[in-house]
Amino acid sequence: MFDVRSYLAKLIKSLPAIPDEVERPVIVRKIPAKTPPKTSKEKRIKISRREKEALNLVLEKYESNPIISPRKEIAWDAWQTFNPGAVILGDKIHFLYRAIGNDGLSRLGYATSLDGRDIDERPPYPAYEHPLVAGKFNRYSFASGGGWGGCEDPRAVYLEDDKRIYMTYTACDDGLRVAITSISIEDFLAKKWNWKQPSLISPPGEIHKNWVIFPRKIGGKYAILHSIAPEIQIEYLNSLDFDDDAHINSSYKKEHRKDVWDSWLRGAGPPPIETKYGWLLFYHATDEKDPAKYKIGAMLLDKNNPTKILAKSNVPVLEPDEYYENNGYKAGVVYASGAVVKGDTLFLYYGAADNYTCVTSANLDDFIRALKKHKKPKMQKRILRKKKKLKNKNLAFGENLEK
């Protein structure tokens, strides 16, 4: 009798380790990169604040991206490190990022940063593993980022009243379902990974992704945003403890709208950020005129009724136009899953090409003002160089399974 599991295990072990980007980025699907890797001798051109304002460059990609890359010497972390969740506690930003290693499973790694950009701590062991279901190869998981099982795309929030960090993620259980778990703040800070047994909160037999928890109660209830198409859908709950048979029913409509950059709304990005203007929500979308690219937009939601949209970007705020966003498992994909505000700075964390973790930032008030005026809150590098235009930018790489 042919043993599929043994065959897949042997196949995975036979694959060569993926080198990190320092030596040479692995290229599974390749389109010409707009920017080659930087060297210390390259000529750099600084842009003044006045020029930035004239060009409306509100947000900036970090010049030293990626900030987290695969570590070939660590088996579980060797292939891909991307799509991070993020929470800020005191002065420190904590990350839970998706990692795929030599065995093809998705786990979550842990890292920290004091300045929001450079990584200060990154232990050599995983912070979270989803219980493996039946050891089956999951074709949906493979299509949505690589690997054949485990946990994907964490979104983390700290609920101060509960003294717990809650996390939603995509679980590879007979398809792709949304799971929720939590950990006490004491255990989290001590790196004692005593996570609560996860609950699957989306219905069985359905594919769901991109569900996010609001970082505080609304109207005295917990709130989970679970769809943005055809409209924003939020479930209000008395508790985030779910029974085995308790699920959130969510509807999603794949609708191709005309004459807009976000003709196909995919799903929410990081958990909403509370500002004095309202809830800031980033989201993922694709453009039917540029179908090979996965882009990010932003919207502002009413504080008391977050199904009401107050403002929405008329252009993408993040696009894959750097070499590290176009060399990897999925070329041309940027996927934001973590965001925090430190001082007056907004940090947005995202996966690049399903291979690396990157960051972009902005002054929060400047970004919100631009968003409210429907300006172009366009992300750009802090230091720019003269570059050639990207060719073949509509090269297809296959449809994502985002919702």
# chains A, B, ... in the order shown; residues from 1 in each chain; ligands from 1
call {"tool": "select_by_dssp", "arguments": {"residues": "stretch 159-377 of chain A", "states": "alpha helix (DSSP H)", "output": "number ranges by chain"}}
result
A: 185-189, 364-372
call {"tool": "write_last_selection", "arguments": {"atoms": "C-alpha atoms", "output": "mmCIF file, in the first residue's frame"}}
result
data_model
loop_
_atom_site.group_PDB
_atom_site.id
_atom_site.type_symbol
_atom_site.label_atom_id
_atom_site.label_comp_id
_atom_site.auth_asym_id
_atom_site.auth_seq_id
_atom_site.Cartn_x
_atom_site.Cartn_y
_atom_site.Cartn_z
ATOM 1 C CA ILE A 185 0.471 38.544 29.872
ATOM 2 C CA GLU A 186 2.785 37.171 32.574
ATOM 3 C CA ASP A 187 3.532 33.983 30.635
ATOM 4 C CA PHE A 188 3.936 35.885 27.388
ATOM 5 C CA LEU A 189 6.505 38.307 28.782
ATOM 6 C CA LEU A 364 0.122 58.672 12.530
ATOM 7 C CA ASP A 365 -1.573 62.086 12.343
ATOM 8 C CA ASP A 366 -0.105 62.801 8.890
ATOM 9 C CA PHE A 367 -1.323 59.462 7.621
ATOM 10 C CA ILE A 368 -4.842 59.865 9.013
ATOM 11 C CA ARG A 369 -5.135 63.407 7.652
ATOM 12 C CA ALA A 370 -4.104 62.200 4.206
ATOM 13 C CA LEU A 371 -6.549 59.317 4.439
ATOM 14 C CA LYS A 372 -9.435 61.589 5.483
#
call {"tool": "residues_around", "arguments": {"residues": "A:Gln80", "least_positions_apart": "5", "cutoff": "8 Å", "atoms": "only C-alpha atoms", "output": "ChimeraX atom specification"}}
result
/A:69-70,98-101,354-356
call {"tool": "closest_residue", "arguments": {"among": "A:Ser182, A:Ser337, A:Asn249, A:Ser113", "to": "A:Leu89", "atoms": "only C-alpha atoms"}}
result
A:Ser113
call {"tool": "atom_distance", "arguments": {"atom1": "atom CA of A:Ile232", "atom2": "atom CA of A:Val212"}}
result
11.9 Å
call {"tool": "residues_around", "arguments": {"residues": "A:Asp259", "least_positions_apart": "2", "cutoff": "10 Å", "atoms": "only C-alpha atoms", "output": "tab-separated table (two decimals) with N, CA and C atoms, in the first residue's frame"}}
result
chain	number	residue	atom	x	y	z
A	256	HIS	N	-16.01	41.58	-8.34
A	256	HIS	CA	-15.04	42.36	-9.11
A	256	HIS	C	-15.67	43.72	-9.45
A	257	ARG	N	-15.22	44.74	-8.75
A	257	ARG	CA	-15.73	46.08	-8.98
A	257	ARG	C	-14.94	46.77	-10.08
A	261	TRP	N	-8.88	50.65	-7.79
A	261	TRP	CA	-7.65	49.85	-7.64
A	261	TRP	C	-7.92	48.57	-6.86
A	262	ASP	N	-8.90	48.59	-5.94
A	262	ASP	CA	-9.22	47.42	-5.12
A	262	ASP	C	-10.47	46.73	-5.63
A	263	SER	N	-10.42	46.32	-6.88
A	263	SER	CA	-11.60	45.72	-7.51
A	263	SER	C	-12.00	44.40	-6.86
A	287	ASP	N	-6.14	44.27	-7.96
A	287	ASP	CA	-6.67	45.11	-9.03
A	287	ASP	C	-6.77	44.27	-10.30
A	288	GLU	N	-7.95	44.23	-10.89
A	288	GLU	CA	-8.12	43.40	-12.09
A	288	GLU	C	-7.25	43.89	-13.24
A	289	LYS	N	-6.80	45.15	-13.17
A	289	LYS	CA	-5.91	45.67	-14.20
A	289	LYS	C	-4.44	45.32	-13.91
call {"tool": "closest_residue", "arguments": {"among": "A:Leu96, A:Ile228, A:Ile234, A:Ile273", "to": "A:Pro154", "atoms": "only C-alpha atoms"}}
result
A:Leu96
call {"tool": "residues_around", "arguments": {"residues": "stretch 220-226 of chain A", "least_positions_apart": "2", "cutoff": "8 Å", "atoms": "only C-alpha atoms", "output": "NGL selection string"}}
result
:A and (210-214 or 216-218 or 228 or 232-240 or 250 or 268)
call {"tool": "select_by_dssp", "arguments": {"residues": "stretch 183-353 of chain A", "states": "strand (DSSP E)", "output": "VMD selection string"}}
result
chain A and resid 183 to 184 199 to 200 212 to 213 222 to 227 233 to 237 264 to 268 273 to 275 278 to 287 290 to 301 309 to 312 327 to 328 334 to 342 345 to 352
call {"tool": "atom_distance", "arguments": {"atom1": "atom CA of A:Leu300", "atom2": "atom CA of A:Thr181"}}
result
27.2 Å
call {"tool": "closest_residue", "arguments": {"among": "A:Trp193, A:Gly175, A:Ile88, A:Glu63", "to": "A:Pro126", "atoms": "only C-alpha atoms"}}
result
A:Trp193
call {"tool": "atom_distance", "arguments": {"atom1": "atom CA of A:Glu322", "atom2": "atom CA of A:Ala127"}}
result
29.6 Å
call {"tool": "closest_residue", "arguments": {"among": "A:Thr168, A:Ser227, A:Ser106, A:Ser184", "to": "A:Cys151", "atoms": "only C-alpha atoms"}}
result
A:Ser106
call {"tool": "residues_around", "arguments": {"residues": "A:Leu346", "least_positions_apart": "3", "cutoff": "8 Å", "atoms": "only C-alpha atoms", "output": "list in words"}}
result
Ala339, Val340, Val341, Lys342, Ser361, Ala362, Asn363 and Leu364 of chain A
call {"tool": "residues_around", "arguments": {"residues": "stretch 275-283 of chain A", "least_positions_apart": "4", "cutoff": "8 Å", "atoms": "only C-alpha atoms", "output": "ChimeraX atom specification"}}
result
/A:265-271,296-303,306,336,368
call {"tool": "residues_around", "arguments": {"residues": "A:Ala353", "least_positions_apart": "3", "cutoff": "7 Å", "atoms": "only C-alpha atoms", "output": "PDB file with N, CA and C atoms, in the first residue's frame"}}
result
ATOM      1  N   GLU A 325      10.299  42.115  -2.317  1.00  0.00           N
ATOM      2  CA  GLU A 325       8.865  41.859  -2.444  1.00  0.00           C
ATOM      3  C   GLU A 325       8.540  41.105  -3.730  1.00  0.00           C
ATOM      4  N   ASN A 326       9.550  40.909  -4.555  1.00  0.00           N
ATOM      5  CA  ASN A 326       9.345  40.247  -5.843  1.00  0.00           C
ATOM      6  C   ASN A 326      10.247  39.041  -6.042  1.00  0.00           C
ATOM      7  N   ASN A 327      11.023  38.676  -5.030  1.00  0.00           N
ATOM      8  CA  ASN A 327      11.819  37.451  -5.042  1.00  0.00           C
ATOM      9  C   ASN A 327      11.400  36.602  -3.857  1.00  0.00           C
ATOM     10  N   GLY A 328      10.757  35.493  -4.106  1.00  0.00           N
ATOM     11  CA  GLY A 328      10.318  34.643  -3.014  1.00  0.00           C
ATOM     12  C   GLY A 328       9.300  33.628  -3.469  1.00  0.00           C
ATOM     13  N   TYR A 329       8.617  33.024  -2.502  1.00  0.00           N
ATOM     14  CA  TYR A 329       7.642  31.980  -2.831  1.00  0.00           C
ATOM     15  C   TYR A 329       6.509  32.530  -3.674  1.00  0.00           C
ATOM     16  N   LYS A 330       6.053  33.742  -3.370  1.00  0.00           N
ATOM     17  CA  LYS A 330       4.995  34.374  -4.164  1.00  0.00           C
ATOM     18  C   LYS A 330       5.432  35.780  -4.546  1.00  0.00           C
ATOM     19  N   ALA A 331       5.986  35.911  -5.713  1.00  0.00           N
ATOM     20  CA  ALA A 331       6.440  37.212  -6.189  1.00  0.00           C
ATOM     21  C   ALA A 331       5.263  38.169  -6.328  1.00  0.00           C
ATOM     22  N   GLY A 332       5.487  39.413  -5.908  1.00  0.00           N
ATOM     23  CA  GLY A 332       4.463  40.431  -6.079  1.00  0.00           C
ATOM     24  C   GLY A 332       3.408  40.457  -5.003  1.00  0.00           C
ATOM     25  N   VAL A 333       3.676  39.831  -3.847  1.00  0.00           N
ATOM     26  CA  VAL A 333       2.698  39.799  -2.764  1.00  0.00           C
ATOM     27  C   VAL A 333       3.228  40.568  -1.560  1.00  0.00           C
ATOM     28  N   VAL A 334       2.422  41.528  -1.074  1.00  0.00           N
ATOM     29  CA  VAL A 334       2.658  42.147   0.237  1.00  0.00           C
ATOM     30  C   VAL A 334       1.410  41.883   1.073  1.00  0.00           C
ATOM     31  N   TYR A 356       9.636  36.966   3.569  1.00  0.00           N
ATOM     32  CA  TYR A 356      10.324  37.824   4.515  1.00  0.00           C
ATOM     33  C   TYR A 356       9.340  38.686   5.301  1.00  0.00           C
TER      34      TYR A 356
END
